[in-house]
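The file query-v2.cif contains mmCIF, C-alpha atoms:
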```cif
data_input
#
loop_
_atom_site.label_atom_id
_atom_site.label_comp_id
_atom_site.auth_asym_id
_atom_site.auth_seq_id
_atom_site.Cartn_x
_atom_site.Cartn_y
_atom_site.Cartn_z
CA MET O 1 -22.29 41.89 19.50
CA ARG O 2 -19.05 43.50 20.76
CA LYS O 3 -20.97 45.04 23.69
CA THR O 4 -22.44 41.63 24.53
CA LEU O 5 -19.00 39.98 24.42
CA LEU O 6 -17.49 42.71 26.61
CA ALA O 7 -20.31 42.33 29.09
CA LEU O 8 -19.72 38.58 29.27
CA VAL O 9 -15.97 39.09 29.90
CA LEU O 10 -16.69 41.62 32.65
CA LEU O 11 -19.25 39.29 34.14
CA CYS O 12 -16.68 36.43 34.20
CA VAL O 13 -14.11 38.67 35.88
CA LEU O 14 -16.69 39.80 38.42
CA PHE O 15 -17.81 36.23 39.05
CA THR O 16 -14.20 35.06 39.59
CA SER O 17 -13.54 37.95 41.96
CA ILE O 18 -16.67 37.17 43.94
CA LEU O 19 -15.93 33.44 43.89
CA PHE O 20 -12.51 33.82 45.46
CA SER O 21 -13.01 37.00 47.44
CA ASN O 22 -12.07 36.66 51.09
CA THR O 23 -10.75 33.13 50.48
CA THR O 24 -8.02 31.92 52.80
CA LEU O 25 -6.04 28.84 51.81
CA ARG O 26 -4.28 26.96 54.58
CA MET O 27 -1.00 25.46 53.43
CA ILE O 28 1.48 23.28 55.36
CA GLN O 29 5.11 22.48 54.55
CA VAL O 30 7.09 19.53 55.94
CA PHE O 31 10.69 20.63 55.29
CA ALA O 32 10.51 23.92 57.13
CA SER O 33 13.50 26.11 57.94
CA PRO O 34 13.60 29.90 58.39
CA GLU O 35 15.28 30.33 54.99
CA ARG O 36 12.93 27.99 53.15
CA THR O 37 9.87 29.53 54.76
CA LYS O 38 10.90 32.96 53.51
CA ILE O 39 11.33 31.62 49.96
CA ILE O 40 7.83 30.13 49.97
CA GLU O 41 6.38 33.30 51.52
CA ASN O 42 7.87 35.34 48.67
CA ILE O 43 6.13 33.15 46.10
CA ILE O 44 2.89 33.37 48.09
CA GLU O 45 3.10 37.18 48.06
CA LYS O 46 3.42 37.19 44.27
CA PHE O 47 0.38 34.94 43.94
CA GLU O 48 -1.70 37.01 46.34
CA ALA O 49 -0.87 40.14 44.32
CA LEU O 50 -2.34 38.44 41.25
CA LYS O 51 -5.40 37.20 43.13
CA PRO O 52 -6.97 40.00 45.18
CA GLY O 53 -9.09 38.58 47.95
CA VAL O 54 -7.06 35.37 48.20
CA LYS O 55 -4.80 34.87 51.19
CA ILE O 56 -2.56 31.91 51.92
CA GLU O 57 -1.78 30.99 55.52
CA LEU O 58 1.50 29.06 55.61
CA ILE O 59 1.93 26.57 58.45
CA SER O 60 5.56 25.67 59.16
CA PRO O 61 5.90 23.06 61.92
CA PRO O 62 9.41 22.11 63.11
CA TYR O 63 11.13 19.71 60.72
CA GLU O 64 11.34 16.92 63.31
CA THR O 65 7.59 16.90 63.99
CA ALA O 66 6.22 17.98 60.62
CA VAL O 67 5.29 14.54 59.29
CA SER O 68 3.35 13.61 62.43
CA LYS O 69 1.71 17.06 62.36
CA VAL O 70 0.49 16.49 58.79
CA ASN O 71 -0.77 13.01 59.62
CA ILE O 72 -2.68 14.23 62.66
CA MET O 73 -4.20 17.25 60.92
CA MET O 74 -5.30 15.28 57.87
CA SER O 75 -6.59 12.26 59.77
CA ASN O 76 -8.76 14.67 61.78
CA GLU O 77 -9.68 16.55 58.58
CA GLU O 78 -8.52 19.83 60.07
CA PRO O 79 -8.82 22.73 57.61
CA LEU O 80 -6.06 22.43 54.97
CA ASP O 81 -6.05 23.22 51.26
CA ILE O 82 -2.44 22.63 50.19
CA VAL O 83 -0.16 20.07 51.81
CA GLU O 84 3.48 19.32 51.11
CA VAL O 85 3.92 15.60 50.54
CA SER O 86 7.31 13.90 50.49
CA ASP O 87 7.81 10.57 48.73
CA TRP O 88 7.87 8.69 52.04
CA LEU O 89 4.70 10.38 53.29
CA LEU O 90 2.69 9.76 50.13
CA SER O 91 1.47 6.18 50.51
CA GLY O 92 0.31 6.70 54.09
CA LEU O 93 -1.85 9.69 53.19
CA VAL O 94 -3.29 7.91 50.15
CA SER O 95 -4.18 4.87 52.25
CA MET O 96 -5.99 7.21 54.67
CA GLY O 97 -8.06 8.51 51.74
CA VAL O 98 -7.24 12.14 52.47
CA LEU O 99 -5.39 13.13 49.27
CA GLU O 100 -7.25 14.34 46.19
CA ASN O 101 -6.69 12.58 42.87
CA LEU O 102 -5.01 15.31 40.76
CA GLU O 103 -5.16 13.53 37.41
CA ARG O 104 -7.84 15.86 36.04
CA TYR O 105 -5.61 18.83 36.79
CA ILE O 106 -2.27 17.38 35.70
CA THR O 107 -3.51 16.00 32.40
CA ARG O 108 -4.61 19.54 31.46
CA SER O 109 -1.43 21.20 32.71
CA GLU O 110 1.06 22.53 30.15
CA GLN O 111 3.83 22.15 32.73
CA ALA O 112 3.64 18.35 32.79
CA LYS O 113 4.92 18.26 29.20
CA TYR O 114 8.27 19.63 30.39
CA TRP O 115 8.88 17.35 33.36
CA VAL O 116 12.26 15.61 33.33
CA ASP O 117 12.40 11.82 33.02
CA GLY O 118 11.06 10.06 36.07
CA VAL O 119 8.84 12.83 37.39
CA VAL O 120 5.64 11.51 35.82
CA GLU O 121 6.35 8.08 37.33
CA ALA O 122 7.13 9.73 40.69
CA ALA O 123 3.82 11.57 40.71
CA ARG O 124 2.05 8.27 40.04
CA THR O 125 3.99 6.16 42.54
CA VAL O 126 0.86 4.96 44.36
CA ASN O 127 -1.99 3.27 42.45
CA ASN O 128 -0.53 4.66 39.20
CA THR O 129 -2.39 7.85 40.12
CA ALA O 130 -1.06 11.38 40.57
CA TYR O 131 -1.86 12.60 44.06
CA ILE O 132 0.77 15.34 44.04
CA MET O 133 2.34 17.87 41.70
CA PRO O 134 6.11 17.34 42.21
CA ASN O 135 8.07 20.53 42.88
CA ALA O 136 11.63 19.22 43.32
CA ILE O 137 13.89 16.20 42.84
CA TYR O 138 16.22 14.80 45.48
CA VAL O 139 19.04 12.40 44.54
CA LYS O 140 22.02 11.92 46.82
CA THR O 141 25.59 12.51 45.69
CA LEU O 142 28.99 12.80 47.36
CA PHE O 143 30.11 16.14 48.81
CA TYR O 144 33.77 16.56 49.70
CA ARG O 145 36.21 19.17 50.98
CA PRO O 146 39.33 19.28 48.74
CA ASP O 147 41.02 21.73 51.13
CA ILE O 148 40.83 19.22 54.00
CA LEU O 149 41.78 16.15 51.94
CA GLU O 150 44.78 17.91 50.38
CA LYS O 151 46.27 18.36 53.85
CA TYR O 152 46.68 14.58 53.80
CA ASN O 153 47.96 14.54 50.17
CA ILE O 154 44.65 13.18 48.91
CA LEU O 155 43.59 14.61 45.56
CA GLY O 156 40.02 14.30 44.37
CA ALA O 157 37.04 12.36 45.66
CA PRO O 158 36.99 8.61 46.36
CA ARG O 159 35.67 6.65 43.41
CA SER O 160 34.75 3.45 45.23
CA MET O 161 33.44 2.45 48.64
CA GLY O 162 36.71 0.72 49.41
CA GLU O 163 38.72 3.82 48.51
CA MET O 164 36.42 5.95 50.63
CA MET O 165 36.88 3.66 53.63
CA ALA O 166 40.65 3.79 53.24
CA ILE O 167 40.69 7.60 53.02
CA CYS O 168 38.30 8.05 55.94
CA GLN O 169 40.28 5.73 58.20
CA TYR O 170 43.59 7.27 57.14
CA ILE O 171 42.63 10.81 58.15
CA THR O 172 40.67 9.91 61.31
CA ASN O 173 42.60 10.69 64.49
CA GLY O 174 39.76 10.20 66.98
CA ARG O 175 39.97 13.79 68.27
CA ASP O 176 39.46 16.67 65.85
CA GLN O 177 39.50 14.89 62.50
CA TYR O 178 37.25 12.14 61.16
CA GLY O 179 36.57 10.99 57.63
CA TYR O 180 32.87 10.43 57.11
CA SER O 181 29.87 12.53 58.15
CA TYR O 182 27.59 9.82 59.52
CA ARG O 183 23.80 10.05 59.80
CA GLY O 184 22.46 8.25 62.87
CA ILE O 185 18.92 9.69 62.83
CA ASP O 186 16.61 8.62 59.95
CA PRO O 187 19.38 6.48 58.45
CA VAL O 188 17.45 4.48 55.84
CA ASN O 189 18.82 6.09 52.65
CA PHE O 190 22.40 6.09 53.91
CA MET O 191 22.52 2.48 55.06
CA ASP O 192 20.87 1.29 51.86
CA LEU O 193 23.22 3.23 49.57
CA VAL O 194 26.22 1.50 51.11
CA LEU O 195 24.68 -1.97 51.53
CA CYS O 196 23.22 -2.13 48.01
CA SER O 197 26.52 -1.06 46.42
CA PHE O 198 27.80 -4.56 47.22
CA PHE O 199 25.34 -5.88 44.62
CA ASN O 200 25.32 -5.62 40.82
CA ASP O 201 21.80 -6.93 40.24
CA ILE O 202 19.38 -4.79 42.24
CA ASP O 203 15.89 -4.57 40.74
CA PRO O 204 15.40 -0.96 39.55
CA ALA O 205 11.72 -1.23 40.52
CA CYS O 206 12.46 -2.28 44.14
CA MET O 207 15.54 -1.45 46.19
CA TYR O 208 15.12 -4.54 48.37
CA LYS O 209 15.00 -7.20 45.65
CA THR O 210 17.46 -8.55 43.11
CA THR O 211 16.51 -8.92 39.46
CA SER O 212 15.96 -12.64 40.18
CA GLY O 213 13.25 -11.71 42.72
CA LYS O 214 15.23 -12.57 45.85
CA ILE O 215 15.02 -10.30 48.93
CA ILE O 216 18.49 -8.74 49.17
CA PHE O 217 18.81 -9.20 52.93
CA GLU O 218 18.98 -13.00 52.42
CA ASP O 219 22.03 -12.62 50.17
CA PRO O 220 25.59 -12.96 51.60
CA ARG O 221 26.51 -9.69 49.89
CA ALA O 222 24.10 -7.86 52.21
CA LEU O 223 26.06 -9.08 55.23
CA GLU O 224 29.28 -7.86 53.65
CA GLY O 225 27.75 -4.45 52.94
CA LEU O 226 26.20 -4.08 56.38
CA LYS O 227 29.48 -4.92 58.11
CA PHE O 228 31.18 -2.28 55.95
CA TYR O 229 28.61 0.30 56.99
CA ILE O 230 29.07 -0.50 60.68
CA GLU O 231 32.86 -0.29 60.28
CA LEU O 232 32.49 3.13 58.64
CA TYR O 233 30.89 4.36 61.85
CA HIS O 234 33.27 2.72 64.33
CA LYS O 235 36.52 3.48 62.49
CA ALA O 236 35.93 6.71 60.60
CA SER O 237 33.08 8.71 62.16
CA PRO O 238 32.55 10.70 65.37
CA LYS O 239 30.96 8.54 68.06
CA ASP O 240 28.24 11.10 68.77
CA SER O 241 27.14 10.92 65.12
CA ILE O 242 24.93 8.02 66.19
CA SER O 243 22.50 10.79 67.14
CA TRP O 244 23.17 13.16 64.24
CA GLY O 245 20.45 14.42 61.94
CA PHE O 246 20.80 16.67 58.89
CA ASP O 247 21.97 19.78 60.75
CA GLU O 248 24.71 17.99 62.67
CA GLN O 249 25.91 16.20 59.53
CA VAL O 250 26.23 19.41 57.57
CA ASN O 251 27.73 21.39 60.47
CA ALA O 252 30.49 18.78 60.83
CA PHE O 253 31.19 19.01 57.11
CA VAL O 254 31.28 22.82 57.17
CA SER O 255 33.68 22.86 60.13
CA GLY O 256 35.97 20.39 58.38
CA LEU O 257 35.57 17.79 61.10
CA THR O 258 34.22 15.33 58.50
CA PRO O 259 35.17 16.20 54.89
CA ILE O 260 33.11 13.47 53.16
CA LEU O 261 29.33 13.57 53.11
CA PHE O 262 26.46 11.88 51.26
CA GLN O 263 23.51 14.24 50.89
CA ASP O 264 20.73 15.62 48.71
CA PRO O 265 20.86 18.79 46.57
CA ASP O 266 19.06 20.85 49.22
CA THR O 267 22.45 20.85 50.98
CA THR O 268 23.92 23.08 48.25
CA ALA O 269 22.03 26.23 49.24
CA LEU O 270 23.19 25.93 52.83
CA LEU O 271 26.80 25.24 51.82
CA ASN O 272 26.77 28.13 49.35
CA TYR O 273 25.82 30.37 52.25
CA LEU O 274 28.23 28.95 54.84
CA LEU O 275 31.28 28.29 52.64
CA THR O 276 33.04 30.39 50.02
CA THR O 277 32.85 29.32 46.36
CA GLY O 278 34.96 26.29 45.54
CA VAL O 279 35.58 25.17 49.12
CA TYR O 280 33.32 22.18 48.61
CA LYS O 281 32.78 20.05 45.52
CA THR O 282 30.43 17.28 44.47
CA ALA O 283 31.31 13.97 42.83
CA PRO O 284 29.43 10.79 41.89
CA LEU O 285 28.59 8.40 44.70
CA PRO O 286 31.36 5.82 45.22
CA VAL O 287 30.62 2.50 43.55
CA GLY O 288 30.69 -0.75 45.46
CA PRO O 289 32.46 -4.06 44.81
CA GLY O 290 29.83 -4.83 42.18
CA GLY O 291 30.90 -1.79 40.17
CA LYS O 292 27.58 -0.04 40.70
CA VAL O 293 25.68 2.13 43.16
CA TYR O 294 21.94 2.61 43.52
CA PRO O 295 20.79 6.17 44.23
CA THR O 296 17.09 6.68 44.74
CA PHE O 297 14.90 9.24 43.02
CA GLY O 298 13.42 11.22 45.90
CA PHE O 299 10.75 13.79 45.28
CA GLY O 300 8.47 16.20 47.04
CA GLY O 301 5.42 18.08 45.90
CA TRP O 302 2.15 19.75 46.70
CA GLY O 303 -1.08 17.88 47.19
CA ILE O 304 -4.67 18.88 47.94
CA PRO O 305 -6.64 17.31 50.80
CA SER O 306 -9.66 15.42 49.50
CA TYR O 307 -11.88 17.31 51.94
CA SER O 308 -10.68 20.81 50.94
CA LYS O 309 -13.43 23.23 49.90
CA ASN O 310 -11.01 25.29 47.78
CA LYS O 311 -9.54 22.74 45.40
CA ASP O 312 -9.56 24.78 42.19
CA ILE O 313 -7.86 27.85 43.62
CA ALA O 314 -5.45 25.60 45.52
CA TRP O 315 -4.49 24.02 42.20
CA GLU O 316 -3.98 27.47 40.69
CA PHE O 317 -1.41 28.22 43.37
CA ILE O 318 0.33 24.87 42.89
CA GLU O 319 0.66 25.56 39.16
CA PHE O 320 1.85 29.08 39.90
CA PHE O 321 4.49 27.72 42.29
CA ASN O 322 5.81 25.43 39.53
CA LEU O 323 6.07 28.10 36.82
CA PRO O 324 9.70 28.07 35.57
CA GLU O 325 10.47 31.49 37.06
CA ASN O 326 9.16 30.56 40.51
CA ALA O 327 10.44 26.98 40.45
CA ALA O 328 13.95 28.12 39.48
CA TYR O 329 13.94 30.62 42.34
CA PHE O 330 12.72 28.01 44.82
CA CYS O 331 15.20 25.33 43.75
CA LYS O 332 18.18 27.68 43.56
CA GLU O 333 17.57 29.34 46.91
CA TYR O 334 16.48 26.19 48.73
CA GLY O 335 18.86 23.84 46.92
CA ALA O 336 16.95 21.21 44.96
CA LEU O 337 16.85 19.87 41.41
CA PRO O 338 13.99 21.34 39.32
CA VAL O 339 11.36 19.08 37.79
CA ASP O 340 10.95 21.34 34.73
CA SER O 341 13.49 20.63 31.96
CA ARG O 342 13.27 24.23 30.67
CA ILE O 343 15.00 25.52 33.81
CA TYR O 344 18.18 23.54 33.07
CA GLU O 345 18.32 25.21 29.65
CA SER O 346 17.54 28.76 30.77
CA ASP O 347 19.40 29.05 34.09
CA PRO O 348 23.20 28.55 33.94
CA TYR O 349 23.39 27.92 37.68
CA PHE O 350 22.03 24.39 37.24
CA GLY O 351 24.86 23.61 34.81
CA SER O 352 27.58 24.96 37.11
CA ALA O 353 30.31 22.98 38.88
CA VAL O 354 28.11 22.71 41.98
CA PHE O 355 26.17 20.00 40.13
CA ASP O 356 29.13 18.00 38.76
CA GLY O 357 28.28 14.97 40.92
CA TRP O 358 24.71 14.71 39.68
CA ALA O 359 25.64 15.45 36.05
CA ALA O 360 28.16 12.58 36.03
CA MET O 361 25.68 10.15 37.55
CA PHE O 362 22.83 11.10 35.24
CA ASP O 363 25.16 10.65 32.25
CA ASP O 364 25.91 7.04 33.28
CA PRO O 365 22.62 5.39 34.29
CA VAL O 366 24.11 1.90 34.11
CA THR O 367 26.72 2.50 36.81
CA TYR O 368 24.50 4.85 38.81
CA GLN O 369 21.18 3.04 38.55
CA ILE O 370 18.26 5.11 39.83
CA THR O 371 16.25 2.65 41.90
CA ALA O 372 12.84 2.85 43.55
CA TYR O 373 11.91 2.12 47.14
CA PRO O 374 8.71 0.12 47.78
CA ILE O 375 7.07 3.23 49.24
CA ASP O 376 3.69 2.19 47.92
CA ASN O 377 3.74 -0.74 50.36
CA GLU O 378 1.29 -0.13 53.20
CA LEU O 379 3.95 -1.07 55.78
CA TRP O 380 6.50 1.45 54.56
CA GLY O 381 6.12 3.77 57.55
CA GLU O 382 6.60 0.86 59.93
CA TRP O 383 9.75 -0.19 58.07
CA PHE O 384 11.25 3.26 58.45
CA ARG O 385 10.93 3.04 62.24
CA LEU O 386 12.17 -0.56 62.41
CA GLN O 387 15.32 0.04 60.39
CA GLY O 388 16.24 3.12 62.43
CA ASP O 389 15.81 1.21 65.69
CA ILE O 390 17.87 -1.74 64.47
CA GLN O 391 20.68 0.49 63.20
CA GLU O 392 21.04 2.01 66.67
CA ARG O 393 21.27 -1.44 68.24
CA LEU O 394 23.81 -2.52 65.64
CA LEU O 395 26.07 0.46 66.26
CA MET O 396 25.87 -0.04 70.02
CA ASN O 397 26.76 -3.75 69.62
CA ARG O 398 23.40 -4.84 70.97
CA MET O 399 22.54 -6.84 67.85
CA THR O 400 24.61 -8.84 65.38
CA PRO O 401 24.51 -7.99 61.65
CA GLU O 402 23.26 -11.52 60.97
CA ARG O 403 20.30 -11.04 63.32
CA ALA O 404 19.52 -7.62 61.81
CA LEU O 405 19.39 -9.04 58.29
CA GLN O 406 17.08 -11.82 59.46
CA GLU O 407 14.76 -9.18 60.98
CA PHE O 408 14.83 -7.23 57.70
CA THR O 409 14.09 -10.36 55.66
CA ASN O 410 11.19 -11.41 57.86
CA PHE O 411 9.69 -7.93 57.69
CA TRP O 412 9.66 -7.75 53.91
CA LYS O 413 8.43 -11.33 53.49
CA ASP O 414 5.50 -10.46 55.74
CA ALA O 415 5.00 -7.19 53.81
CA GLY O 416 4.76 -9.16 50.59
CA ILE O 417 7.27 -7.51 48.28
#
```
Can you present the structure in this file as structure tokens?
Amino acid sequence: MRKTLLALVLLCVLFTSILFSNTTLRMIQVFASPERTKIIENIIEKFEALKPGVKIELISPPYETAVSKVNIMMSNEEPLDIVEVSDWLLSGLVSMGVLENLERYITRSEQAKYWVDGVVEAARTVNNTAYIMPNAIYVKTLFYRPDILEKYNILGAPRSMGEMMAICQYITNGRDQYGYSYRGIDPVNFMDLVLCSFFNDIDPACMYKTTSGKIIFEDPRALEGLKFYIELYHKASPKDSISWGFDEQVNAFVSGLTPILFQDPDTTALLNYLLTTGVYKTAPLPVGPGGKVYPTFGFGGWGIPSYSKNKDIAWEFIEFFNLPENAAYFCKEYGALPVDSRIYESDPYFGSAVFDGWAAMFDDPVTYQITAYPIDNELWGEWFRLQGDIQERLLMNRMTPERALQEFTNFWKDAGI
């Protein structure tokens, strides 16, 4: 009997080795940078050491073109086995029918039991079905430079939008000092954070509706918030920030040109590298006139193309990537919030002062109401382009705020939210 059992075990091992021998998984990321790529490659090397015969080819397109690269590759069903999917990319890929339903994997996964609040809902954003295994959480907070602000006798971070505007205008000299690190490229999150802070009744299930069901852009408070956002650019931000993306935003903050910044936790790893400890701090997002602010729960994760021929081994890697040891390494080195609650208990870094801003917001969910975007709407990708185009015209005085809000209202009425 023991010989029979041993033979069966050896046969299973042999079968698994044969099954995955000379298997190459093609994997693509969408948030590539040299540092991040190296982190992922290190995790891949560990997995390959455990799985002889399995190789993973990592594709790392430039950040600016990565989303279009993924869309093109998957729409053409080019060979891919693991694809990084951001929250804003998810609904488009699902509507194309190219993402595998991962429910059968996730429901059997031990890791899902330890996900922090909101991650299960994030995974099932579209069709109440999990098409990705989340690997990180992204929620914006306020970064500030105490050393710069103290030169102007300003102690601590602004607590309200009005206070932030006053500080930013006060220190701006129009030459080598400005207040706010503006984001002119891909501005959606930033504009909405400011505009929505003028409300106190945003629907937590949809950023663009009030709890009464009204589209926010029809409300007079939206006009007040949009004018504030435009003023923040014209009176407290460098003029060339109309064309700034992430790198330019962060570089201006690091240099001290703009000591106040809204950004996600992936900024922390870069700042930890570029600045000495304690030079920057985080604080809760400033609240608006309504006494609230509405951060969104961003997420990213790994999915499997529906046409992949290596789904089971691809899932094995995704689970391996999310093991607490690997996930803590990824989130610490890259700068993101882990999805696994055990990491916050076992790794003191995630309880350090670097995360004060997020800790304060998560402890007060009434004031800092996590709110969802309608990313499951089939027109979401079109909205992203429209809002970016309109912001540019607003900042260049080629469109009035009133006209912009009418365009926004018409879009979402047609989209059916």
Translate the PyMOL selection byres ((chain O and resi 234) around 12) into a concrete residue list for this structure, as an mmCIF file with C-alpha atoms, in the coordinates of the input.
```cif
data_model
loop_
_atom_site.group_PDB
_atom_site.id
_atom_site.type_symbol
_atom_site.label_atom_id
_atom_site.label_comp_id
_atom_site.auth_asym_id
_atom_site.auth_seq_id
_atom_site.Cartn_x
_atom_site.Cartn_y
_atom_site.Cartn_z
ATOM 1 C CA MET O 165 36.880 3.660 53.630
ATOM 2 C CA CYS O 168 38.300 8.050 55.940
ATOM 3 C CA GLN O 169 40.280 5.730 58.200
ATOM 4 C CA THR O 172 40.670 9.910 61.310
ATOM 5 C CA GLY O 174 39.760 10.200 66.980
ATOM 6 C CA TYR O 178 37.250 12.140 61.160
ATOM 7 C CA GLY O 179 36.570 10.990 57.630
ATOM 8 C CA TYR O 180 32.870 10.430 57.110
ATOM 9 C CA TYR O 182 27.590 9.820 59.520
ATOM 10 C CA LYS O 227 29.480 -4.920 58.110
ATOM 11 C CA PHE O 228 31.180 -2.280 55.950
ATOM 12 C CA TYR O 229 28.610 0.300 56.990
ATOM 13 C CA ILE O 230 29.070 -0.500 60.680
ATOM 14 C CA GLU O 231 32.860 -0.290 60.280
ATOM 15 C CA LEU O 232 32.490 3.130 58.640
ATOM 16 C CA TYR O 233 30.890 4.360 61.850
ATOM 17 C CA LYS O 235 36.520 3.480 62.490
ATOM 18 C CA ALA O 236 35.930 6.710 60.600
ATOM 19 C CA SER O 237 33.080 8.710 62.160
ATOM 20 C CA PRO O 238 32.550 10.700 65.370
ATOM 21 C CA LYS O 239 30.960 8.540 68.060
ATOM 22 C CA ASP O 240 28.240 11.100 68.770
ATOM 23 C CA SER O 241 27.140 10.920 65.120
ATOM 24 C CA ILE O 242 24.930 8.020 66.190
ATOM 25 C CA LEU O 394 23.810 -2.520 65.640
ATOM 26 C CA LEU O 395 26.070 0.460 66.260
ATOM 27 C CA MET O 396 25.870 -0.040 70.020
ATOM 28 C CA ASN O 397 26.760 -3.750 69.620
#
```
Query raised in the report: What's the 10 Å shell around Arg104 in chain O, counting all atoms listed in the file, without same-chain residues fewer than 4 positions away, as a PyMOL selection string?
Result: chain O and resi 108-109+130
Query - Shell of 7 Å around Cys196 in chain O, only C-alpha atoms, local chain residues under 4 positions omitted, as an MDAnalysis selection string - result: chainID O and resid 192 293:294
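A straight line drawn from CA of Asp81 in chain O to CA of Phe321 in chain O is 14.6 Å long.
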Report task. Given the file shown, enumerate the residues that the PyMOL selection byres ((chain O and resi 31-40) around 10) captures and present them as number ranges by chain. Result -> O: 28-30, 41-45, 58-67, 84-86, 269-270, 300, 321, 326, 329-331, 333-335
Kindly provide the residues of range 241-316 of chain O that approach range 355-367 of chain O to within 12 Å, each paired with its closest atom pair and their distance in Å to one decimal, based on all atoms listed in the file, listed by chain and increasing number, as a Markdown table.
```
| residue | atom | partner | partner_atom | distance |
| --- | --- | --- | --- | --- |
| O:Phe262 | CA | O:Gly357 | CA | 10.9 |
| O:Gln263 | CA | O:Gly357 | CA | 11.1 |
| O:Asp264 | CA | O:Trp358 | CA | 9.9 |
| O:Pro265 | CA | O:Phe355 | CA | 8.4 |
| O:Asp266 | CA | O:Phe355 | CA | 11.6 |
| O:Thr267 | CA | O:Phe355 | CA | 11.5 |
| O:Thr268 | CA | O:Phe355 | CA | 9.0 |
| O:Ala269 | CA | O:Phe355 | CA | 11.8 |
| O:Tyr280 | CA | O:Phe355 | CA | 11.3 |
| O:Lys281 | CA | O:Asp356 | CA | 8.0 |
| O:Thr282 | CA | O:Gly357 | CA | 4.7 |
| O:Ala283 | CA | O:Gly357 | CA | 3.7 |
| O:Pro284 | CA | O:Gly357 | CA | 4.4 |
| O:Leu285 | CA | O:Gly357 | CA | 7.6 |
| O:Pro286 | CA | O:Thr367 | CA | 10.2 |
| O:Val287 | CA | O:Thr367 | CA | 7.8 |
| O:Gly288 | CA | O:Thr367 | CA | 10.1 |
| O:Pro289 | CA | O:Thr367 | CA | 11.8 |
| O:Gly290 | CA | O:Thr367 | CA | 9.6 |
| O:Gly291 | CA | O:Thr367 | CA | 6.9 |
| O:Lys292 | CA | O:Thr367 | CA | 4.7 |
| O:Val293 | CA | O:Thr367 | CA | 6.4 |
| O:Tyr294 | CA | O:Thr367 | CA | 8.2 |
| O:Pro295 | CA | O:Met361 | CA | 9.2 |
| O:Thr296 | CA | O:Met361 | CA | 11.7 |
| O:Phe297 | CA | O:Phe362 | CA | 11.3 |
```
Query raised in the report: Near Leu149 in chain O, counting all atoms listed in the file, which residues have an atom at most 9 Å away, once you skip same-chain residues fewer than 6 positions from it, shown as a ChimeraX atom specification?
Result: /O:155-157,167,171,259
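Nearest to Tyr208 in chain O of all the residues O:Tyr152, O:Trp383, O:Tyr273, O:Phe246 is O:Trp383, based on only C-alpha atoms.
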Query raised in the report: Quick one: residues within 12 Å of Gly381 in chain O, all atoms listed in the file counted, chain neighbours fewer than 2 positions away excluded, as a list in words?
Result: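 Answer for this query is Val67, Ser68, Asn71, Asp87, Trp88, Leu89, Leu90, Ser91, Gly92, Leu93, Ser95, Asp186, Val188, Pro374, Ile375, Asp376, Asn377, Glu378, Leu379, Trp383, Phe384, Arg385, Leu386, Gln387, Gly388 and Ala415 of chain O.
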Report task. Using CA of Glu248 in chain O and CA of Leu337 in chain O as the two end points, give the distance in Å to one decimal. Result ->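 One can read the CA of Glu248 in chain O to CA of Leu337 in chain O distance as 22.7 Å.
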Query raised in the report: If you measure from CA of Asn135 in chain O to CA of Val119 in chain O, what distance in Å do you get, rounded to one decimal?
Result: 9.5 Å
Requested in this report: Pick out the closest residue to Asp117 in chain O from this set: O:Ile137, O:Ile215, O:Val98, O:Ala166. Count only C-alpha atoms.
Outcome: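 So, comparing all the options, the nearest one is O:Ile137.
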**Report entry** Answer key for the PyMOL selection byres ((chain O and resi 338-343) around 7), residues as a VMD selection string
**Finding:** chain O and resid 114 to 116 119 135 to 137 324 327 to 328 331 336 to 337 344 to 347
Query raised in the report: Between O:Glu57, O:Val70, O:Pro134, O:Val354, which has the minimum distance to Glu319 in chain O (counting only C-alpha atoms)?
Result: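 Nearest to Glu319 in chain O: O:Pro134.
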Write range 57-64 of chain O as a JSON list (two decimals), in the coordinates of the input, completed to N, CA and C atoms.
```json
[["chain", "number", "residue", "atom", "x", "y", "z"],
["O", 57, "GLU", "N", -2.36, 31.11, 54.18],
["O", 57, "GLU", "CA", -1.78, 30.99, 55.52],
["O", 57, "GLU", "C", -0.81, 29.81, 55.51],
["O", 58, "LEU", "N", 0.48, 30.10, 55.65],
["O", 58, "LEU", "CA", 1.50, 29.06, 55.61],
["O", 58, "LEU", "C", 1.78, 28.53, 57.02],
["O", 59, "ILE", "N", 1.65, 27.23, 57.18],
["O", 59, "ILE", "CA", 1.93, 26.57, 58.45],
["O", 59, "ILE", "C", 3.29, 25.89, 58.33],
["O", 60, "SER", "N", 4.19, 26.18, 59.26],
["O", 60, "SER", "CA", 5.56, 25.67, 59.16],
["O", 60, "SER", "C", 5.97, 24.99, 60.47],
["O", 61, "PRO", "N", 5.52, 23.75, 60.68],
["O", 61, "PRO", "CA", 5.90, 23.06, 61.92],
["O", 61, "PRO", "C", 7.39, 22.72, 61.91],
["O", 62, "PRO", "N", 8.00, 22.51, 63.07],
["O", 62, "PRO", "CA", 9.41, 22.11, 63.11],
["O", 62, "PRO", "C", 9.64, 20.86, 62.27],
["O", 63, "TYR", "N", 10.80, 20.81, 61.63],
["O", 63, "TYR", "CA", 11.13, 19.71, 60.72],
["O", 63, "TYR", "C", 10.92, 18.34, 61.38],
["O", 64, "GLU", "N", 11.38, 18.21, 62.64],
["O", 64, "GLU", "CA", 11.34, 16.92, 63.31],
["O", 64, "GLU", "C", 9.92, 16.42, 63.57]]
```
